[in-house]
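**Q** What follows is coords.csv; its format and atoms are CSV, N, CA and C atoms.
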chain,number,residue,atom,x,y,z
Y,651,MET,N,13.2,43.2,9.6
Y,651,MET,CA,12.5,41.9,9.7
Y,651,MET,C,12.5,41.5,11.2
Y,652,PRO,N,11.3,41.2,11.7
Y,652,PRO,CA,11.2,40.8,13.1
Y,652,PRO,C,11.8,39.5,13.4
Y,653,HIS,N,12.3,39.3,14.6
Y,653,HIS,CA,12.9,38.1,15.1
Y,653,HIS,C,11.9,37.0,15.1
Y,654,ALA,N,12.3,35.8,14.9
Y,654,ALA,CA,11.4,34.6,14.8
Y,654,ALA,C,10.6,34.4,16.0
Y,655,ASP,N,11.0,34.9,17.2
Y,655,ASP,CA,10.3,34.7,18.4
Y,655,ASP,C,9.2,35.8,18.6
Y,656,ALA,N,9.3,36.8,17.8
Y,656,ALA,CA,8.4,38.0,17.9
Y,656,ALA,C,7.0,37.6,17.4
Y,657,PRO,N,5.9,38.2,18.0
Y,657,PRO,CA,4.6,37.9,17.5
Y,657,PRO,C,4.5,38.3,16.0
Y,658,SER,N,3.7,37.5,15.3
Y,658,SER,CA,3.6,37.8,13.8
Y,658,SER,C,2.1,37.8,13.4
Y,659,ASP,N,1.9,38.2,12.2
Y,659,ASP,CA,0.5,38.2,11.7
Y,659,ASP,C,0.4,37.0,10.7
Y,660,ARG,N,1.3,36.0,10.8
Y,660,ARG,CA,1.2,34.9,9.9
Y,660,ARG,C,-0.1,34.2,10.1
Y,661,PRO,N,-0.6,33.5,9.0
Y,661,PRO,CA,-1.8,32.8,9.0
Y,661,PRO,C,-1.7,31.4,9.6
Y,662,TRP,N,-0.6,31.2,10.4
Y,662,TRP,CA,-0.4,29.9,11.0
Y,662,TRP,C,0.3,30.0,12.3
Y,663,THR,N,0.1,29.0,13.1
Y,663,THR,CA,0.8,28.9,14.4
Y,663,THR,C,1.6,27.6,14.5
Y,664,PRO,N,2.7,27.7,15.2
Y,664,PRO,CA,3.5,26.5,15.4
Y,664,PRO,C,2.9,25.5,16.3
Y,665,VAL,N,3.2,24.2,16.1
Y,665,VAL,CA,2.7,23.2,17.0
Y,665,VAL,C,4.0,22.7,17.7
Y,666,VAL,N,4.0,22.7,19.0
Y,666,VAL,CA,5.2,22.2,19.7
Y,666,VAL,C,4.8,21.1,20.7
Y,667,LEU,N,5.7,20.3,21.0
Y,667,LEU,CA,5.5,19.2,22.0
Y,667,LEU,C,6.0,19.7,23.3
Y,668,PRO,N,5.1,19.7,24.3
Y,668,PRO,CA,5.5,20.2,25.6
Y,668,PRO,C,6.6,19.3,26.3
Y,669,ASN,N,7.4,19.9,27.1
Y,669,ASN,CA,8.4,19.1,27.9
Y,669,ASN,C,9.4,18.4,27.0
Y,670,LEU,N,9.6,18.8,25.8
Y,670,LEU,CA,10.7,18.2,25.0
Y,670,LEU,C,11.6,19.3,24.5
Y,671,PRO,N,12.8,19.0,24.2
Y,671,PRO,CA,13.8,20.0,23.7
Y,671,PRO,C,13.3,20.6,22.3
Y,672,ALA,N,13.6,21.8,22.1
Y,672,ALA,CA,13.3,22.4,20.8
Y,672,ALA,C,14.1,21.7,19.7
Y,673,PRO,N,13.6,21.8,18.4
Y,673,PRO,CA,14.4,21.2,17.4
Y,673,PRO,C,15.8,21.8,17.3
Y,674,ALA,N,16.7,21.0,16.8
Y,674,ALA,CA,18.1,21.5,16.6
Y,674,ALA,C,18.2,22.6,15.5
Y,675,GLY,N,17.3,22.5,14.5
Y,675,GLY,CA,17.4,23.4,13.4
Y,675,GLY,C,16.3,24.5,13.5
Y,676,ALA,N,16.3,25.4,12.5
Y,676,ALA,CA,15.4,26.5,12.5
Y,676,ALA,C,14.1,26.1,11.8
Y,677,TYR,N,13.2,25.3,12.6
Y,677,TYR,CA,12.0,24.9,12.0
Y,677,TYR,C,11.0,24.6,13.2
Y,678,SER,N,9.7,24.6,12.9
Y,678,SER,CA,8.7,24.1,13.8
Y,678,SER,C,8.4,22.7,13.5
Y,679,PRO,N,8.2,21.8,14.6
Y,679,PRO,CA,7.9,20.4,14.3
Y,679,PRO,C,6.6,20.3,13.5
Y,680,GLY,N,5.7,21.2,13.6
Y,680,GLY,CA,4.5,21.3,12.9
Y,680,GLY,C,3.9,22.7,12.9
Y,681,VAL,N,3.1,23.0,11.9
Y,681,VAL,CA,2.4,24.3,11.9
Y,681,VAL,C,0.9,24.0,11.5
Y,682,ARG,N,0.1,24.8,12.1
Y,682,ARG,CA,-1.4,24.7,11.9
Y,682,ARG,C,-1.9,26.0,11.3
Y,683,THR,N,-2.7,25.9,10.2
Y,683,THR,CA,-3.2,27.1,9.5
Y,683,THR,C,-4.6,27.4,10.1
Y,684,ALA,N,-5.0,28.6,9.9
Y,684,ALA,CA,-6.3,29.0,10.3
Y,684,ALA,C,-7.0,29.8,9.2
Y,685,ASN,N,-6.4,30.8,8.6
Y,685,ASN,CA,-7.0,31.7,7.7
Y,685,ASN,C,-7.0,31.1,6.2
Y,686,ILE,N,-6.2,30.1,6.0
Y,686,ILE,CA,-6.0,29.6,4.6
Y,686,ILE,C,-6.5,28.2,4.5
Y,687,GLY,N,-7.5,27.8,5.3
Y,687,GLY,CA,-8.0,26.5,5.3
Y,687,GLY,C,-7.5,25.8,6.6
Y,688,SER,N,-8.1,24.8,7.0
Y,688,SER,CA,-7.7,24.2,8.2
Y,688,SER,C,-6.8,23.0,7.9
Y,689,LEU,N,-5.5,23.3,7.8
Y,689,LEU,CA,-4.5,22.3,7.5
Y,689,LEU,C,-3.4,22.3,8.6
Y,690,MET,N,-2.7,21.2,8.7
Y,690,MET,CA,-1.6,21.0,9.6
Y,690,MET,C,-0.5,20.4,8.7
Y,691,PHE,N,0.7,21.0,8.8
Y,691,PHE,CA,1.9,20.5,8.1
Y,691,PHE,C,2.9,20.0,9.2
Y,692,VAL,N,3.3,18.8,9.0
Y,692,VAL,CA,4.2,18.2,10.0
Y,692,VAL,C,5.6,18.1,9.3
Y,693,SER,N,6.6,18.8,9.9
Y,693,SER,CA,8.0,18.7,9.4
Y,693,SER,C,8.5,17.3,9.3
Y,694,GLY,N,9.5,17.1,8.6
Y,694,GLY,CA,10.1,15.8,8.4
Y,694,GLY,C,10.4,15.2,9.8
Y,695,GLN,N,9.9,14.0,10.1
Y,695,GLN,CA,10.1,13.3,11.3
Y,695,GLN,C,11.1,12.2,11.1
Y,696,THR,N,11.9,11.9,12.0
Y,696,THR,CA,13.0,10.9,11.9
Y,696,THR,C,12.9,9.9,13.1
Y,697,PRO,N,13.7,8.9,13.0
Y,697,PRO,CA,13.7,7.9,14.1
Y,697,PRO,C,14.6,8.4,15.3
Y,698,ARG,N,14.3,9.6,15.8
Y,698,ARG,CA,15.0,10.1,16.9
Y,698,ARG,C,14.2,10.0,18.2
Y,699,ASP,N,14.8,9.7,19.3
Y,699,ASP,CA,14.1,9.7,20.5
Y,699,ASP,C,13.8,11.2,20.8
Y,700,GLN,N,12.5,11.6,20.9
Y,700,GLN,CA,12.2,13.0,21.0
Y,700,GLN,C,12.6,13.6,22.3
Y,701,ALA,N,12.9,12.8,23.3
Y,701,ALA,CA,13.4,13.4,24.6
Y,701,ALA,C,14.9,13.7,24.6
Y,702,THR,N,15.7,12.8,23.9
Y,702,THR,CA,17.1,12.9,23.9
Y,702,THR,C,17.7,13.5,22.6
Y,703,GLY,N,17.0,13.3,21.5
Y,703,GLY,CA,17.5,13.7,20.2
Y,703,GLY,C,18.4,12.7,19.6
Y,704,GLU,N,18.6,11.6,20.2
Y,704,GLU,CA,19.4,10.5,19.7
Y,704,GLU,C,18.7,9.7,18.6
Y,705,ILE,N,19.4,9.4,17.6
Y,705,ILE,CA,18.9,8.5,16.6
Y,705,ILE,C,18.8,7.1,17.2
Y,706,VAL,N,17.6,6.5,17.1
Y,706,VAL,CA,17.4,5.1,17.7
Y,706,VAL,C,17.9,4.1,16.6
Y,707,ALA,N,18.8,3.2,17.1
Y,707,ALA,CA,19.3,2.2,16.2
Y,707,ALA,C,18.2,1.2,15.9
Y,708,GLY,N,18.4,0.6,14.8
Y,708,GLY,CA,17.5,-0.5,14.4
Y,708,GLY,C,17.4,-0.6,12.9
Y,709,ASP,N,16.6,-1.6,12.4
Y,709,ASP,CA,16.4,-1.7,11.0
Y,709,ASP,C,15.4,-0.8,10.5
Y,710,LEU,N,15.1,-0.8,9.2
Y,710,LEU,CA,14.1,0.1,8.6
Y,710,LEU,C,12.7,-0.1,9.3
Y,711,GLU,N,12.3,-1.3,9.6
Y,711,GLU,CA,11.0,-1.5,10.2
Y,711,GLU,C,10.9,-0.7,11.6
Y,712,ALA,N,11.9,-0.9,12.4
Y,712,ALA,CA,12.0,-0.2,13.7
Y,712,ALA,C,12.0,1.3,13.6
Y,713,GLN,N,12.9,1.7,12.6
Y,713,GLN,CA,13.0,3.2,12.5
Y,713,GLN,C,11.7,3.8,11.9
Y,714,THR,N,11.0,3.0,11.0
Y,714,THR,CA,9.8,3.5,10.4
Y,714,THR,C,8.7,3.6,11.5
Y,715,ARG,N,8.6,2.6,12.4
Y,715,ARG,CA,7.6,2.6,13.4
Y,715,ARG,C,7.8,3.8,14.4
Y,716,LEU,N,9.1,4.1,14.7
Y,716,LEU,CA,9.3,5.2,15.6
Y,716,LEU,C,9.1,6.6,14.9
Y,717,THR,N,9.4,6.7,13.7
Y,717,THR,CA,9.2,7.9,12.9
Y,717,THR,C,7.7,8.2,12.8
Y,718,LEU,N,6.9,7.2,12.5
Y,718,LEU,CA,5.5,7.4,12.4
Y,718,LEU,C,4.9,7.7,13.8
Y,719,ALA,N,5.4,7.1,14.9
Y,719,ALA,CA,5.0,7.5,16.2
Y,719,ALA,C,5.3,8.9,16.5
Y,720,ASN,N,6.5,9.4,16.1
Y,720,ASN,CA,6.9,10.8,16.4
Y,720,ASN,C,5.9,11.7,15.6
Y,721,MET,N,5.6,11.3,14.3
Y,721,MET,CA,4.7,12.1,13.5
Y,721,MET,C,3.3,12.2,14.2
Y,722,GLU,N,2.9,11.0,14.7
Y,722,GLU,CA,1.6,11.0,15.4
Y,722,GLU,C,1.5,11.9,16.6
Y,723,ARG,N,2.6,12.0,17.4
Y,723,ARG,CA,2.6,12.8,18.6
Y,723,ARG,C,2.4,14.3,18.2
Y,724,ILE,N,3.1,14.7,17.1
Y,724,ILE,CA,2.9,16.1,16.6
Y,724,ILE,C,1.5,16.3,16.1
Y,725,LEU,N,0.9,15.4,15.4
Y,725,LEU,CA,-0.4,15.5,14.9
Y,725,LEU,C,-1.4,15.7,16.1
Y,726,ILE,N,-1.2,14.9,17.1
Y,726,ILE,CA,-2.1,15.0,18.3
Y,726,ILE,C,-1.9,16.3,19.0
Y,727,ALA,N,-0.7,16.8,19.1
Y,727,ALA,CA,-0.4,18.1,19.8
Y,727,ALA,C,-1.1,19.2,19.0
Y,728,GLY,N,-1.3,19.0,17.7
Y,728,GLY,CA,-1.9,20.1,16.9
Y,728,GLY,C,-3.4,19.9,16.7
Y,729,GLY,N,-4.0,18.9,17.4
Y,729,GLY,CA,-5.4,18.6,17.3
Y,729,GLY,C,-5.8,17.7,16.2
Y,730,ALA,N,-4.9,16.9,15.7
Y,730,ALA,CA,-5.3,16.0,14.6
Y,730,ALA,C,-4.9,14.6,15.0
Y,731,THR,N,-5.2,13.6,14.1
Y,731,THR,CA,-4.9,12.2,14.3
Y,731,THR,C,-4.3,11.7,12.9
Y,732,LEU,N,-3.9,10.5,12.9
Y,732,LEU,CA,-3.4,9.9,11.7
Y,732,LEU,C,-4.6,9.9,10.6
Y,733,ALA,N,-5.8,9.8,11.1
Y,733,ALA,CA,-6.9,9.8,10.2
Y,733,ALA,C,-7.1,11.1,9.4
Y,734,ASN,N,-6.5,12.2,9.9
Y,734,ASN,CA,-6.6,13.5,9.3
Y,734,ASN,C,-5.5,13.6,8.2
Y,735,VAL,N,-4.6,12.7,8.1
Y,735,VAL,CA,-3.5,12.9,7.2
Y,735,VAL,C,-4.0,12.7,5.7
Y,736,VAL,N,-3.7,13.7,4.9
Y,736,VAL,CA,-4.1,13.6,3.5
Y,736,VAL,C,-2.9,13.4,2.5
Y,737,SER,N,-1.7,13.7,3.0
Y,737,SER,CA,-0.6,13.5,2.1
Y,737,SER,C,0.7,13.2,2.9
Y,738,ILE,N,1.5,12.3,2.4
Y,738,ILE,CA,2.8,12.0,3.1
Y,738,ILE,C,3.9,12.0,2.1
Y,739,THR,N,5.0,12.5,2.5
Y,739,THR,CA,6.2,12.4,1.7
Y,739,THR,C,7.2,11.6,2.5
Y,740,VAL,N,7.8,10.5,1.9
Y,740,VAL,CA,8.7,9.6,2.6
Y,740,VAL,C,10.0,9.7,1.9
Y,741,TYR,N,11.1,9.8,2.7
Y,741,TYR,CA,12.4,9.8,2.2
Y,741,TYR,C,13.1,8.5,2.8
Y,742,LEU,N,13.6,7.7,1.9
Y,742,LEU,CA,14.3,6.4,2.3
Y,742,LEU,C,15.8,6.5,1.9
Y,743,ALA,N,16.6,6.1,2.8
Y,743,ALA,CA,18.1,6.1,2.5
Y,743,ALA,C,18.4,5.1,1.4
Y,744,ASP,N,17.6,4.1,1.3
Y,744,ASP,CA,17.7,3.1,0.2
Y,744,ASP,C,16.3,2.9,-0.4
Y,745,ASP,N,16.2,3.4,-1.6
Y,745,ASP,CA,14.8,3.3,-2.3
Y,745,ASP,C,14.4,1.9,-2.6
Y,746,ASN,N,15.4,0.9,-2.5
Y,746,ASN,CA,15.0,-0.5,-2.6
Y,746,ASN,C,14.2,-1.0,-1.4
Y,747,ASP,N,14.2,-0.2,-0.3
Y,747,ASP,CA,13.4,-0.6,0.9
Y,747,ASP,C,12.0,-0.2,0.8
Y,748,TRP,N,11.5,0.2,-0.3
Y,748,TRP,CA,10.1,0.6,-0.5
Y,748,TRP,C,9.1,-0.5,0.0
Y,749,GLY,N,9.3,-1.7,-0.3
Y,749,GLY,CA,8.4,-2.8,0.1
Y,749,GLY,C,8.3,-3.0,1.6
Y,750,THR,N,9.5,-2.9,2.3
Y,750,THR,CA,9.5,-3.0,3.7
Y,750,THR,C,8.8,-1.8,4.3
Y,751,PHE,N,9.1,-0.6,3.8
Y,751,PHE,CA,8.4,0.6,4.3
Y,751,PHE,C,6.9,0.4,4.1
Y,752,ASP,N,6.5,0.0,2.9
Y,752,ASP,CA,5.0,-0.1,2.6
Y,752,ASP,C,4.3,-1.1,3.6
Y,753,ARG,N,5.0,-2.2,3.9
Y,753,ARG,CA,4.4,-3.2,4.8
Y,753,ARG,C,4.2,-2.6,6.2
Y,754,VAL,N,5.1,-1.8,6.7
Y,754,VAL,CA,4.9,-1.2,8.0
Y,754,VAL,C,3.9,-0.1,7.9
Y,755,TYR,N,3.9,0.7,6.9
Y,755,TYR,CA,3.0,1.8,6.7
Y,755,TYR,C,1.5,1.3,6.7
Y,756,ARG,N,1.3,0.1,6.1
Y,756,ARG,CA,-0.1,-0.5,6.1
Y,756,ARG,C,-0.6,-0.9,7.5
Y,757,THR,N,0.4,-1.1,8.4
Y,757,THR,CA,-0.1,-1.4,9.8
Y,757,THR,C,-0.5,-0.2,10.6
Y,758,VAL,N,-0.1,1.0,10.1
Y,758,VAL,CA,-0.5,2.2,10.8
Y,758,VAL,C,-1.6,3.0,10.1
Y,759,PHE,N,-1.6,3.0,8.8
Y,759,PHE,CA,-2.7,3.6,8.0
Y,759,PHE,C,-3.6,2.6,7.5
Y,760,SER,N,-4.9,3.0,7.2
Y,760,SER,CA,-5.8,2.1,6.6
Y,760,SER,C,-6.5,2.7,5.4
Y,761,PRO,N,-7.1,1.9,4.5
Y,761,PRO,CA,-7.7,2.5,3.4
Y,761,PRO,C,-8.9,3.4,3.8
Y,762,PRO,N,-9.2,4.4,3.0
Y,762,PRO,CA,-8.4,4.9,1.9
Y,762,PRO,C,-7.1,5.6,2.4
Y,763,TYR,N,-6.0,5.2,1.7
Y,763,TYR,CA,-4.7,5.8,2.1
Y,763,TYR,C,-4.5,7.2,1.7
Y,764,PRO,N,-3.7,8.0,2.5
Y,764,PRO,CA,-3.4,9.3,2.0
Y,764,PRO,C,-2.6,9.3,0.7
Y,765,ALA,N,-2.5,10.4,0.0
Y,765,ALA,CA,-1.6,10.5,-1.1
Y,765,ALA,C,-0.2,10.3,-0.6
Y,766,ARG,N,0.7,9.8,-1.4
Y,766,ARG,CA,2.0,9.5,-0.9
Y,766,ARG,C,3.1,9.6,-2.0
Y,767,ALA,N,4.2,10.1,-1.7
Y,767,ALA,CA,5.4,10.1,-2.5
Y,767,ALA,C,6.6,9.5,-1.7
Y,768,VAL,N,7.3,8.6,-2.4
Y,768,VAL,CA,8.5,8.0,-1.7
Y,768,VAL,C,9.7,8.3,-2.6
Y,769,VAL,N,10.7,8.9,-2.0
Y,769,VAL,CA,12.0,9.2,-2.8
Y,769,VAL,C,13.2,8.7,-2.0
Y,770,GLY,N,14.2,8.4,-2.7
Y,770,GLY,CA,15.5,8.1,-2.2
Y,770,GLY,C,16.2,9.4,-1.8
Y,771,ALA,N,16.9,9.3,-0.6
Y,771,ALA,CA,17.6,10.5,-0.1
Y,771,ALA,C,18.8,10.2,0.8
Y,772,SER,N,19.8,11.0,0.8
Y,772,SER,CA,20.9,10.9,1.8
Y,772,SER,C,20.4,11.4,3.1
Y,773,LEU,N,20.3,10.5,4.1
Y,773,LEU,CA,19.7,10.9,5.4
Y,773,LEU,C,20.7,10.9,6.6
Y,774,ARG,N,22.0,11.0,6.3
Y,774,ARG,CA,23.0,11.1,7.4
Y,774,ARG,C,22.8,10.1,8.5
Y,775,GLY,N,22.8,8.8,8.2
Y,775,GLY,CA,22.8,7.8,9.2
Y,775,GLY,C,21.4,7.3,9.5
Y,776,MET,N,20.4,7.9,9.1
Y,776,MET,CA,19.0,7.4,9.3
Y,776,MET,C,18.5,6.7,8.1
Y,777,LEU,N,17.5,5.9,8.3
Y,777,LEU,CA,17.0,5.1,7.2
Y,777,LEU,C,15.7,5.7,6.6
Y,778,VAL,N,15.0,6.5,7.4
Y,778,VAL,CA,13.7,7.0,6.9
Y,778,VAL,C,13.5,8.4,7.5
Y,779,GLU,N,12.7,9.2,6.8
Y,779,GLU,CA,12.2,10.5,7.3
Y,779,GLU,C,10.9,10.7,6.6
Y,780,ILE,N,9.9,11.2,7.4
Y,780,ILE,CA,8.5,11.3,6.9
Y,780,ILE,C,8.0,12.7,7.2
Y,781,SER,N,7.4,13.4,6.2
Y,781,SER,CA,6.6,14.6,6.5
Y,781,SER,C,5.2,14.4,6.1
Y,782,ALA,N,4.3,15.2,6.6
Y,782,ALA,CA,2.8,15.0,6.3
Y,782,ALA,C,2.1,16.3,6.3
Y,783,ILE,N,0.9,16.2,5.6
Y,783,ILE,CA,-0.1,17.3,5.6
Y,783,ILE,C,-1.4,16.6,6.1
Y,784,ALA,N,-2.1,17.3,7.1
Y,784,ALA,CA,-3.3,16.8,7.6
Y,784,ALA,C,-4.4,17.9,7.4
Y,785,ALA,N,-5.6,17.4,7.1
Y,785,ALA,CA,-6.8,18.3,7.0
Y,785,ALA,C,-7.5,18.2,8.3
Y,786,LEU,N,-7.8,19.4,8.9
Y,786,LEU,CA,-8.5,19.4,10.2
Y,786,LEU,C,-9.9,19.8,10.0
Would you mind writing the file's structure down as structure tokens?

**A**
Amino acid sequence: MPHADAPSDRPWTPVVLPNLPAPAGAYSPGVRTANIGSLMFVSGQTPRDQATGEIVAGDLEAQTRLTLANMERILIAGGATLANVVSITVYLADDNDWGTFDRVYRTVFSPPYPARAVVGASLRGMLVEISAIAAL
């Protein structure tokens, strides 16, 4: 099996943010497909400062805004925008925060809204994580 850094014949390429540290885990912040349709998949984004990797303190509203901004940076790096997003999966540390999340979400996205699922999850000190799929 070739090493992850070796060239491959995969039908996708990673999307990376220049001048920022690589992710701590074994994943790409985003991937863009070519041969299987023009799609972009954004890995779960969190309320981390992308330069330092530190979780930014704050309530759900503040963490959601930063998480969506982090997601938008990856979309832009891959040649997409928030308008290209067709599906979002949201993980909330407290699923009772759905209303607060939805209120913030509506300030970033406009109708018609992407498909969306919201689930409760253990997020190790964070209040929100968001992944997305965009059509290019």

**Q** By how many Å are atom CA of Y:Arg774 and atom CA of Y:Leu689 apart?

**A**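 Taking atom CA of Y:Arg774 as the start and atom CA of Y:Leu689 as the end point, the length is 29.7 Å.
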
**Q** Give the helix (DSSP H, G or I) residues of chain Y, as DSSP finds them on the backbone, and put them as a PyMOL selection string.

**A** chain Y and resi 710-727+732-734+745-758

**Q** Atom CA of Y:Thr696 and atom CA of Y:Pro761 are how many Å apart?

**A**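 Straight-line distance from atom CA of Y:Thr696 to atom CA of Y:Pro761 works out to 23.9 Å.
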
**Q** Identify, with DSSP run on backbone atoms, the residues in stretch 679-760 of chain Y assigned to strand (DSSP E), and express the list as a PyMOL selection string.

**A** chain Y and resi 680-683+689-695+735-742

**Q** Keeping only N, CA and C atoms, take the residues you just selected and write them out as a PDB file, keeping the file's coordinate frame.

**A**
ATOM      1  N   GLY Y 680       5.700  21.200  13.600  1.00  0.00           N
ATOM      2  CA  GLY Y 680       4.500  21.300  12.900  1.00  0.00           C
ATOM      3  C   GLY Y 680       3.900  22.700  12.900  1.00  0.00           C
ATOM      4  N   VAL Y 681       3.100  23.000  11.900  1.00  0.00           N
ATOM      5  CA  VAL Y 681       2.400  24.300  11.900  1.00  0.00           C
ATOM      6  C   VAL Y 681       0.900  24.000  11.500  1.00  0.00           C
ATOM      7  N   ARG Y 682       0.100  24.800  12.100  1.00  0.00           N
ATOM      8  CA  ARG Y 682      -1.400  24.700  11.900  1.00  0.00           C
ATOM      9  C   ARG Y 682      -1.900  26.000  11.300  1.00  0.00           C
ATOM     10  N   THR Y 683      -2.700  25.900  10.200  1.00  0.00           N
ATOM     11  CA  THR Y 683      -3.200  27.100   9.500  1.00  0.00           C
ATOM     12  C   THR Y 683      -4.600  27.400  10.100  1.00  0.00           C
ATOM     13  N   LEU Y 689      -5.500  23.300   7.800  1.00  0.00           N
ATOM     14  CA  LEU Y 689      -4.500  22.300   7.500  1.00  0.00           C
ATOM     15  C   LEU Y 689      -3.400  22.300   8.600  1.00  0.00           C
ATOM     16  N   MET Y 690      -2.700  21.200   8.700  1.00  0.00           N
ATOM     17  CA  MET Y 690      -1.600  21.000   9.600  1.00  0.00           C
ATOM     18  C   MET Y 690      -0.500  20.400   8.700  1.00  0.00           C
ATOM     19  N   PHE Y 691       0.700  21.000   8.800  1.00  0.00           N
ATOM     20  CA  PHE Y 691       1.900  20.500   8.100  1.00  0.00           C
ATOM     21  C   PHE Y 691       2.900  20.000   9.200  1.00  0.00           C
ATOM     22  N   VAL Y 692       3.300  18.800   9.000  1.00  0.00           N
ATOM     23  CA  VAL Y 692       4.200  18.200  10.000  1.00  0.00           C
ATOM     24  C   VAL Y 692       5.600  18.100   9.300  1.00  0.00           C
ATOM     25  N   SER Y 693       6.600  18.800   9.900  1.00  0.00           N
ATOM     26  CA  SER Y 693       8.000  18.700   9.400  1.00  0.00           C
ATOM     27  C   SER Y 693       8.500  17.300   9.300  1.00  0.00           C
ATOM     28  N   GLY Y 694       9.500  17.100   8.600  1.00  0.00           N
ATOM     29  CA  GLY Y 694      10.100  15.800   8.400  1.00  0.00           C
ATOM     30  C   GLY Y 694      10.400  15.200   9.800  1.00  0.00           C
ATOM     31  N   GLN Y 695       9.900  14.000  10.100  1.00  0.00           N
ATOM     32  CA  GLN Y 695      10.100  13.300  11.300  1.00  0.00           C
ATOM     33  C   GLN Y 695      11.100  12.200  11.100  1.00  0.00           C
ATOM     34  N   VAL Y 735      -4.600  12.700   8.100  1.00  0.00           N
ATOM     35  CA  VAL Y 735      -3.500  12.900   7.200  1.00  0.00           C
ATOM     36  C   VAL Y 735      -4.000  12.700   5.700  1.00  0.00           C
ATOM     37  N   VAL Y 736      -3.700  13.700   4.900  1.00  0.00           N
ATOM     38  CA  VAL Y 736      -4.100  13.600   3.500  1.00  0.00           C
ATOM     39  C   VAL Y 736      -2.900  13.400   2.500  1.00  0.00           C
ATOM     40  N   SER Y 737      -1.700  13.700   3.000  1.00  0.00           N
ATOM     41  CA  SER Y 737      -0.600  13.500   2.100  1.00  0.00           C
ATOM     42  C   SER Y 737       0.700  13.200   2.900  1.00  0.00           C
ATOM     43  N   ILE Y 738       1.500  12.300   2.400  1.00  0.00           N
ATOM     44  CA  ILE Y 738       2.800  12.000   3.100  1.00  0.00           C
ATOM     45  C   ILE Y 738       3.900  12.000   2.100  1.00  0.00           C
ATOM     46  N   THR Y 739       5.000  12.500   2.500  1.00  0.00           N
ATOM     47  CA  THR Y 739       6.200  12.400   1.700  1.00  0.00           C
ATOM     48  C   THR Y 739       7.200  11.600   2.500  1.00  0.00           C
ATOM     49  N   VAL Y 740       7.800  10.500   1.900  1.00  0.00           N
ATOM     50  CA  VAL Y 740       8.700   9.600   2.600  1.00  0.00           C
ATOM     51  C   VAL Y 740      10.000   9.700   1.900  1.00  0.00           C
ATOM     52  N   TYR Y 741      11.100   9.800   2.700  1.00  0.00           N
ATOM     53  CA  TYR Y 741      12.400   9.800   2.200  1.00  0.00           C
ATOM     54  C   TYR Y 741      13.100   8.500   2.800  1.00  0.00           C
ATOM     55  N   LEU Y 742      13.600   7.700   1.900  1.00  0.00           N
ATOM     56  CA  LEU Y 742      14.300   6.400   2.300  1.00  0.00           C
ATOM     57  C   LEU Y 742      15.800   6.500   1.900  1.00  0.00           C
TER      58      LEU Y 742
END

**Q** Tell me which protein, DNA and RNA residues are within 6 Å of stretch 717-725 of chain Y, counting only C-alpha atoms, leaving out same-chain ones fewer than 4 positions away, and put them as an NGL selection string.

**A** :Y and (695-697 or 730-731)

**Q** At most 12 Å from (7.7, 19.9, 9.8), file frame, only C-alpha atoms: which residues, as a PyMOL selection string?

**A** chain Y and resi 664-666+673+675-682+690-696+720-721+724-725+728+738-739+779-784

**Q** Please report the interatomic distance between atom CA of Y:Ser772 and atom CA of Y:Val754 in Å with one decimal.

**A**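 Atom CA of Y:Val754 lies 21.0 Å from atom CA of Y:Ser772.
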
**Q** Restricting the calculation to all atoms listed in the file: of Y:Ala684, Y:Ile726, Y:Leu670, Y:Val768, which residue gets closest to Y:Thr702?

**A** Y:Leu670

**Q** Let me make sure I understand: among Y:Leu777, Y:Ala674, Y:Val706, Y:Ala733, which one has the smallest atom-to-atom distance to Y:Phe751 if we use only C-alpha atoms?

**A**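 Closest residue, counting only C-alpha atoms: Y:Leu777.
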
**Q** With 5 Å as the threshold, what does the neighbourhood of (17.3, 5.1, 10.9) contain in terms of residues, counting all atoms listed in the file? Coordinates are those of the file; answer as an MDAnalysis selection string.

**A** chainID Y and resid 713 775:778
